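Here's the structure, in structure tokens; my notes come after.
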Amino acid sequence: MVQFMHQDQLNEAEIESRPDFSVPIAPGDYTAQIIESDYVENKGGGHRYAITFEIIDGQHSTRRIWHNLNSDPGPKHSVEKANKMKQIAGGQMQKMCFAAKIEGALTDTEQLHNIPMIITVAVKPGGDFEGRAMPDRNVITSFKAVKSGPAAASKKSGPSNNRSSAPAVATEQASQGVADAKEVAA
């Protein structure tokens, strides 16, 4: 048994006022920022970036959307498919860097934390996935820089309150996947 240490913080009204993350939000553009990132192992081997975005304005403020980048797909995929996955991950990481106006080399995903950007959100229909029923869910399809204005002014500076981050070493692997994919295509 594990003792729950935060009994004094239980507040039913607060819990009921939180957004229902199980229901996807409507497709569209939202101002969001990365609040957490990690480099985690996939079930079938390999690794991915697990990135948490939080919408920072409008009706869905505080709503979170999760985004994964398979930078090291692992042994269960063919070389061609793994290279394609690395190419996609590298391209999406570059787009996030451009949207966050990061110049130079990305050395740690924490460099992307707390920087407002525009994310385009779509709804991916649910279905059967390896024998499990999956509900509809939000996916991020693009990243753009925030133009000047109130959202840009809300940019937080400093550390991200000890939320996890991932070294961007695997981004080099993903970029290498782009080069490898071009060689395979040639």
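Residues in the structure tokens are named by chain (A, B, ... in the order shown) and by number from 1 within that chain; ligands are numbered from 1 in the order shown.
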Could you make a table, as JSON lines, of the residues of range 105-141 of chain A that have an atom within 10 Å of an atom of range 61-80 of chain A, each with its nearest atom pair and distance in Å to one decimal, counting only C-alpha atoms, in chain and number order?
{"residue": "A:Val121", "atom": "CA", "partner": "A:Ile65", "partner_atom": "CA", "distance": 8.9}
{"residue": "A:Arg137", "atom": "CA", "partner": "A:Ile65", "partner_atom": "CA", "distance": 9.2}
{"residue": "A:Asn138", "atom": "CA", "partner": "A:Ile65", "partner_atom": "CA", "distance": 6.9}
{"residue": "A:Val139", "atom": "CA", "partner": "A:His67", "partner_atom": "CA", "distance": 7.0}
{"residue": "A:Ile140", "atom": "CA", "partner": "A:His67", "partner_atom": "CA", "distance": 6.8}
{"residue": "A:Thr141", "atom": "CA", "partner": "A:His67", "partner_atom": "CA", "distance": 9.7}
Nearest-residue call for Val146 in chain A, choices A:Leu106, A:Ala89, A:Ala82, A:Ala100, using only C-alpha atoms: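 The closest residue to Val146 in chain A is A:Ala100.
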Å distance separating CA of Phe98 in chain A from CA of Gly58 in chain A, one decimal place: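 About the pair CA of Phe98 in chain A and CA of Gly58 in chain A: they are 23.3 Å apart.
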